[in-house]
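Peer 1: What follows is data25.cif; its format and atoms are mmCIF, C-alpha atoms.
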data_run
loop_
_atom_site.label_atom_id
_atom_site.label_comp_id
_atom_site.auth_asym_id
_atom_site.auth_seq_id
_atom_site.Cartn_x
_atom_site.Cartn_y
_atom_site.Cartn_z
CA MET A 1 188.54 141.49 96.62
CA SER A 2 189.44 140.63 93.03
CA LYS A 3 186.63 139.51 90.80
CA LEU A 4 187.02 136.34 88.75
CA ILE A 5 185.86 136.84 85.18
CA ASN A 6 184.58 133.63 83.62
CA PRO A 7 186.00 132.69 80.21
CA PRO A 8 183.87 133.28 77.09
CA LEU A 9 181.18 130.60 76.75
CA ILE A 10 179.06 129.68 73.72
CA LEU A 11 176.10 127.34 73.49
CA ALA A 12 176.16 125.67 70.07
CA SER A 13 172.42 125.10 69.79
CA THR A 14 169.16 126.42 68.42
CA SER A 15 167.18 124.74 71.22
CA ALA A 16 165.13 127.04 73.44
CA TYR A 17 165.17 124.27 76.07
CA ARG A 18 168.97 124.15 76.23
CA ARG A 19 169.17 127.93 76.32
CA GLU A 20 166.78 128.06 79.28
CA LEU A 21 168.64 125.30 81.11
CA LEU A 22 172.07 126.90 80.65
CA GLY A 23 170.58 130.21 81.81
CA ARG A 24 169.87 128.60 85.19
CA LEU A 25 173.62 128.63 85.92
CA ARG A 26 173.64 132.46 85.77
CA ILE A 27 176.87 132.75 83.86
CA PRO A 28 177.19 134.88 80.70
CA PHE A 29 177.01 132.96 77.41
CA GLU A 30 176.31 133.48 73.74
CA VAL A 31 174.20 131.28 71.49
CA VAL A 32 175.47 130.33 68.03
CA SER A 33 173.61 128.04 65.67
CA PRO A 34 175.77 125.10 64.52
CA LYS A 35 175.47 124.00 60.91
CA VAL A 36 175.52 120.20 61.26
CA ASP A 37 173.98 117.42 59.19
CA GLU A 38 172.13 115.26 61.72
CA THR A 39 171.54 112.30 59.40
CA PRO A 40 172.50 109.01 61.14
CA LEU A 41 175.38 107.06 59.62
CA THR A 42 174.88 103.51 58.39
CA GLY A 43 175.16 101.07 61.29
CA GLU A 44 175.49 103.86 63.86
CA SER A 45 173.95 103.14 67.27
CA THR A 46 171.75 105.68 69.01
CA LEU A 47 174.50 106.33 71.58
CA GLU A 48 177.15 106.77 68.87
CA LEU A 49 174.82 109.17 67.03
CA ALA A 50 174.22 111.33 70.11
CA LEU A 51 177.93 111.53 70.95
CA ARG A 52 178.94 112.29 67.36
CA LEU A 53 176.37 115.06 66.94
CA ALA A 54 177.19 116.71 70.27
CA THR A 55 180.86 116.79 69.26
CA ALA A 56 180.10 117.94 65.71
CA LYS A 57 177.93 120.82 66.97
CA ALA A 58 180.65 122.01 69.33
CA ALA A 59 183.33 121.69 66.64
CA ALA A 60 181.27 123.57 64.05
CA VAL A 61 181.13 126.61 66.32
CA ALA A 62 184.53 126.26 68.01
CA LYS A 63 186.44 126.57 64.73
CA ASP A 64 185.24 130.18 64.40
CA HIS A 65 185.62 131.01 68.13
CA PRO A 66 189.06 129.70 69.19
CA ASN A 67 189.14 131.66 72.47
CA ALA A 68 185.77 130.48 73.78
CA TRP A 69 184.58 127.32 75.45
CA VAL A 70 181.80 125.81 73.36
CA ILE A 71 179.00 123.53 74.57
CA GLY A 72 177.53 121.02 72.13
CA SER A 73 174.71 118.70 73.09
CA ASP A 74 172.39 116.25 71.39
CA GLN A 75 169.69 113.87 72.53
CA VAL A 76 168.60 110.63 70.89
CA ALA A 77 165.74 108.53 72.22
CA ASP A 78 166.25 104.76 71.89
CA LEU A 79 163.46 102.19 71.83
CA CYS A 80 164.81 98.67 71.37
CA GLY A 81 167.79 100.00 69.43
CA ALA A 82 165.77 102.26 67.12
CA ALA A 83 166.04 106.04 67.26
CA ILE A 84 162.88 107.97 68.12
CA GLY A 85 163.14 111.48 66.70
CA LYS A 86 161.13 114.69 66.92
CA PRO A 87 157.65 113.91 65.57
CA GLY A 88 156.93 117.27 63.93
CA ASN A 89 153.16 116.81 63.87
CA PHE A 90 150.19 115.25 65.66
CA GLU A 91 149.98 112.06 63.60
CA ARG A 92 153.63 111.09 64.05
CA ALA A 93 153.54 112.06 67.75
CA LEU A 94 150.53 109.81 68.34
CA ALA A 95 152.27 106.94 66.54
CA GLN A 96 155.34 107.44 68.76
CA LEU A 97 153.32 107.42 71.97
CA GLN A 98 151.38 104.34 70.88
CA LEU A 99 154.67 102.58 70.17
CA MET A 100 156.18 103.58 73.53
CA ARG A 101 153.27 102.90 75.89
CA GLY A 102 154.19 100.28 78.44
CA GLN A 103 157.80 100.42 77.20
CA THR A 104 161.06 101.76 78.63
CA VAL A 105 162.88 104.24 76.41
CA THR A 106 166.52 105.27 76.90
CA PHE A 107 167.20 108.94 76.23
CA HIS A 108 170.90 109.45 75.46
CA THR A 109 171.83 113.08 76.21
CA ALA A 110 175.35 113.66 74.95
CA LEU A 111 177.44 116.62 76.03
CA CYS A 112 180.67 118.05 74.60
CA LEU A 113 182.72 120.93 76.02
CA MET A 114 185.40 122.10 73.61
CA LYS A 115 188.06 124.80 73.25
CA GLY A 116 190.67 124.42 70.54
CA GLU A 117 192.27 121.00 70.97
CA GLN A 118 190.74 120.53 74.43
CA GLN A 119 187.60 118.44 74.43
CA THR A 120 185.51 116.36 76.83
CA THR A 121 182.54 114.36 75.59
CA LEU A 122 180.21 112.25 77.69
CA ASN A 123 176.72 110.77 77.73
CA VAL A 124 174.06 110.94 80.44
CA PRO A 125 171.40 108.23 79.91
CA THR A 126 167.87 108.50 81.26
CA GLU A 127 165.53 105.50 81.45
CA VAL A 128 161.90 106.54 80.95
CA THR A 129 159.03 104.07 81.34
CA PHE A 130 155.74 105.09 79.75
CA ARG A 131 152.36 104.19 81.24
CA LYS A 132 149.91 101.98 79.33
CA LEU A 133 147.35 104.62 78.38
CA SER A 134 144.44 104.65 75.93
CA ASP A 135 144.56 106.40 72.56
CA GLU A 136 142.00 108.88 73.92
CA VAL A 137 144.35 109.93 76.73
CA LEU A 138 147.32 110.17 74.37
CA GLU A 139 145.36 112.29 71.89
CA SER A 140 144.12 114.60 74.66
CA TYR A 141 147.67 115.10 75.86
CA LEU A 142 148.99 115.93 72.39
CA LEU A 143 146.23 118.47 71.75
CA ALA A 144 146.87 120.09 75.15
CA GLU A 145 150.67 120.42 74.99
CA GLU A 146 151.62 119.97 71.31
CA PRO A 147 155.10 118.54 72.05
CA TYR A 148 155.98 118.10 68.39
CA ASP A 149 159.51 119.48 68.76
CA CYS A 150 160.46 116.93 71.46
CA ALA A 151 161.99 113.52 70.80
CA GLY A 152 159.57 111.01 72.34
CA SER A 153 156.56 113.36 72.07
CA ALA A 154 156.25 114.09 75.81
CA LYS A 155 157.54 117.05 77.83
CA SER A 156 158.54 115.66 81.21
CA GLU A 157 158.85 119.21 82.57
CA GLY A 158 155.20 119.85 81.66
CA LEU A 159 151.98 117.88 81.28
CA GLY A 160 153.91 115.03 79.67
CA ILE A 161 154.93 113.85 83.14
CA SER A 162 151.41 112.39 83.42
CA LEU A 163 152.25 109.86 80.69
CA LEU A 164 155.24 108.48 82.56
CA GLU A 165 155.50 105.69 85.08
CA SER A 166 159.10 106.34 86.10
CA ILE A 167 162.27 108.28 85.27
CA GLN A 168 165.70 107.00 86.27
CA SER A 169 168.73 109.26 85.81
CA ASN A 170 171.72 110.70 87.65
CA ASP A 171 170.95 114.13 86.19
CA PRO A 172 167.30 115.30 86.13
CA SER A 173 167.89 118.10 83.63
CA ALA A 174 169.36 115.67 81.07
CA LEU A 175 165.92 114.55 79.91
CA ILE A 176 164.95 118.16 79.14
CA GLY A 177 168.02 118.49 76.94
CA LEU A 178 171.14 119.56 78.84
CA PRO A 179 172.67 117.62 81.79
CA LEU A 180 173.50 120.46 84.17
CA ILE A 181 175.10 118.30 86.89
CA ALA A 182 177.61 116.94 84.39
CA LEU A 183 178.04 120.33 82.71
CA THR A 184 178.79 122.26 85.90
CA GLY A 185 181.54 119.74 86.68
CA LEU A 186 183.09 120.22 83.24
CA LEU A 187 182.83 124.01 83.44
CA ARG A 188 184.47 124.16 86.87
CA ASP A 189 187.31 121.97 85.56
CA ALA A 190 187.70 124.48 82.73
CA GLY A 191 188.08 127.38 85.18
CA PHE A 192 184.53 128.70 85.50
CA LEU A 193 183.25 130.02 88.81
CA ILE A 194 179.72 128.71 89.48
CA PRO A 195 177.93 130.54 91.00
CA SER A 196 179.73 133.57 89.62
CA LYS A 197 180.44 136.63 91.76
CA ASN A 198 179.00 139.22 89.39
#
Show me the file's structure as structure tokens.

Peer 2:
Amino acid sequence: MSKLINPPLILASTSAYRRELLGRLRIPFEVVSPKVDETPLTGESTLELALRLATAKAAAVAKDHPNAWVIGSDQVADLCGAAIGKPGNFERALAQLQLMRGQTVTFHTALCLMKGEQQTTLNVPTEVTFRKLSDEVLESYLLAEEPYDCAGSAKSEGLGISLLESIQSNDPSALIGLPLIALTGLLRDAGFLIPSKN
């Protein structure tokens, strides 16, 4: 039986979360850090920002790897039209959680698969409703998990799930950083065998 060799694949990301998620598909891939300015443009919506950055990350790596398929992804959390970024420290994380308690936040997880002139870009939204919790509970959570590198200051795949009232999405891995349901569809369309036979 002949063995199908999957095309070269590169993840354009420095995110350990995206690397772990892509690893679940058990197909060989490289990781290359994209050099992209992530500053929002004037008047740019959170959805437009996520889509632009996912595409820019893929393009930054694809230009130097013309024979590979490149995955770019970006996530922007939206609360009432305002972007909620990575807090970076305890104080900013607490302020984020205080702002979001009792609120529904939309996490836009944009995905781009690119090779040369071929490109598909899409967005997978996730609606996350936060519980109304006391400052004491929020502080205890932050000290326990230290989610300072996560937009929205809560790791849904960890203890952060205890802060949430509901999650609504067509793709459960999107909230963690890479929508695998959408991605496997794009990869199969591009000629990848998932699961692979190796």

Peer 1: So which one's closest to Ala60 in chain A, A:Gly81, A:Gly43, A:Gly116, A:Gly191? Using all atoms listed in the file, please.

Peer 2: A:Gly116

Peer 1: Apply the PyMOL selection byres ((chain A and resi 168) around 10) to the structure shown and report the selected residues as an MDAnalysis selection string.

Peer 2: chainID A and resid 106 125:129 166:167 169:172 175

Peer 1: Would you mind listing what lies within 12 Å of range 68-71 of chain A as a compact mmCIF listing (two decimals) with C-alpha atoms, in the coordinates of the input, with only C-alpha atoms counted and same-chain residues fewer than 3 positions away left out?

Peer 2:
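As written to disk, part29.txt reads:
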# COMPACT_ATOMS: atom_id res chain seq x y z
CA ASN A 6 184.58 133.63 83.62
CA PRO A 7 186.00 132.69 80.21
CA PRO A 8 183.87 133.28 77.09
CA LEU A 9 181.18 130.60 76.75
CA ILE A 10 179.06 129.68 73.72
CA LEU A 11 176.10 127.34 73.49
CA ALA A 12 176.16 125.67 70.07
CA SER A 13 172.42 125.10 69.79
CA THR A 14 169.16 126.42 68.42
CA ARG A 18 168.97 124.15 76.23
CA ARG A 19 169.17 127.93 76.32
CA LEU A 22 172.07 126.90 80.65
CA PRO A 28 177.19 134.88 80.70
CA PHE A 29 177.01 132.96 77.41
CA GLU A 30 176.31 133.48 73.74
CA VAL A 31 174.20 131.28 71.49
CA VAL A 32 175.47 130.33 68.03
CA SER A 33 173.61 128.04 65.67
CA PRO A 34 175.77 125.10 64.52
CA LEU A 53 176.37 115.06 66.94
CA ALA A 54 177.19 116.71 70.27
CA THR A 55 180.86 116.79 69.26
CA ALA A 56 180.10 117.94 65.71
CA LYS A 57 177.93 120.82 66.97
CA ALA A 58 180.65 122.01 69.33
CA ALA A 59 183.33 121.69 66.64
CA ALA A 60 181.27 123.57 64.05
CA VAL A 61 181.13 126.61 66.32
CA ALA A 62 184.53 126.26 68.01
CA LYS A 63 186.44 126.57 64.73
CA ASP A 64 185.24 130.18 64.40
CA HIS A 65 185.62 131.01 68.13
CA ASP A 74 172.39 116.25 71.39
CA ALA A 110 175.35 113.66 74.95
CA LEU A 111 177.44 116.62 76.03
CA CYS A 112 180.67 118.05 74.60
CA LEU A 113 182.72 120.93 76.02
CA MET A 114 185.40 122.10 73.61
CA LYS A 115 188.06 124.80 73.25
CA GLY A 116 190.67 124.42 70.54
CA GLU A 117 192.27 121.00 70.97
CA GLN A 118 190.74 120.53 74.43
CA GLN A 119 187.60 118.44 74.43
CA THR A 120 185.51 116.36 76.83
CA THR A 121 182.54 114.36 75.59
CA LEU A 122 180.21 112.25 77.69
CA LEU A 178 171.14 119.56 78.84
CA PRO A 179 172.67 117.62 81.79
CA LEU A 180 173.50 120.46 84.17
CA ALA A 182 177.61 116.94 84.39
CA LEU A 183 178.04 120.33 82.71
CA THR A 184 178.79 122.26 85.90
CA LEU A 186 183.09 120.22 83.24
CA LEU A 187 182.83 124.01 83.44
CA ARG A 188 184.47 124.16 86.87
CA ASP A 189 187.31 121.97 85.56
CA ALA A 190 187.70 124.48 82.73
CA GLY A 191 188.08 127.38 85.18
CA PHE A 192 184.53 128.70 85.50

Peer 1: List every protein, DNA or RNA residue that has an atom no more than 9 Å from (166.2, 106.9, 74.4) in the file's coordinate frame, counting all atoms listed in the file, and report them as a short mmCIF file (atom, residue, chain, number, x, y, z; two decimals) with C-alpha atoms, in the coordinates of the input.

Peer 2:
data_model
loop_
_atom_site.label_atom_id
_atom_site.label_comp_id
_atom_site.auth_asym_id
_atom_site.auth_seq_id
_atom_site.Cartn_x
_atom_site.Cartn_y
_atom_site.Cartn_z
CA THR A 46 171.75 105.68 69.01
CA LEU A 47 174.50 106.33 71.58
CA GLN A 75 169.69 113.87 72.53
CA VAL A 76 168.60 110.63 70.89
CA ALA A 77 165.74 108.53 72.22
CA ASP A 78 166.25 104.76 71.89
CA LEU A 79 163.46 102.19 71.83
CA CYS A 80 164.81 98.67 71.37
CA GLY A 81 167.79 100.00 69.43
CA ALA A 82 165.77 102.26 67.12
CA ALA A 83 166.04 106.04 67.26
CA ILE A 84 162.88 107.97 68.12
CA THR A 104 161.06 101.76 78.63
CA VAL A 105 162.88 104.24 76.41
CA THR A 106 166.52 105.27 76.90
CA PHE A 107 167.20 108.94 76.23
CA HIS A 108 170.90 109.45 75.46
CA THR A 109 171.83 113.08 76.21
CA PRO A 125 171.40 108.23 79.91
CA THR A 126 167.87 108.50 81.26
CA GLU A 127 165.53 105.50 81.45
CA VAL A 128 161.90 106.54 80.95
CA ALA A 151 161.99 113.52 70.80
CA GLY A 152 159.57 111.01 72.34
#

Peer 1: From the list A:Leu133, A:Ala144, A:Leu193, A:Leu49, which residue is nearest Glu165 in chain A when using only C-alpha atoms?

Peer 2: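 Of the candidates, the smallest distance to Glu165 in chain A is held by A:Leu133.
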
Peer 1: So what do you get for CA of Leu21 in chain A versus CA of Ala50 in chain A, distance-wise?

Peer 2: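 About the pair CA of Leu21 in chain A and CA of Ala50 in chain A: they are 18.6 Å apart.
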
Peer 1: Could you please give me, as an mmCIF file with C-alpha atoms, in the coordinates of the input, the residues of protein, DNA or RNA lying at most 12 Å from (169.3, 128.5, 88.8) in the coordinate frame of the file, considering only C-alpha atoms?

Peer 2:
data_model
loop_
_atom_site.group_PDB
_atom_site.id
_atom_site.type_symbol
_atom_site.label_atom_id
_atom_site.label_comp_id
_atom_site.auth_asym_id
_atom_site.auth_seq_id
_atom_site.Cartn_x
_atom_site.Cartn_y
_atom_site.Cartn_z
ATOM 1 C CA GLU A 20 166.780 128.060 79.280
ATOM 2 C CA LEU A 21 168.640 125.300 81.110
ATOM 3 C CA LEU A 22 172.070 126.900 80.650
ATOM 4 C CA GLY A 23 170.580 130.210 81.810
ATOM 5 C CA ARG A 24 169.870 128.600 85.190
ATOM 6 C CA LEU A 25 173.620 128.630 85.920
ATOM 7 C CA ARG A 26 173.640 132.460 85.770
ATOM 8 C CA ILE A 27 176.870 132.750 83.860
ATOM 9 C CA SER A 173 167.890 118.100 83.630
ATOM 10 C CA LEU A 180 173.500 120.460 84.170
ATOM 11 C CA ILE A 181 175.100 118.300 86.890
ATOM 12 C CA THR A 184 178.790 122.260 85.900
ATOM 13 C CA ILE A 194 179.720 128.710 89.480
ATOM 14 C CA PRO A 195 177.930 130.540 91.000
ATOM 15 C CA SER A 196 179.730 133.570 89.620
#
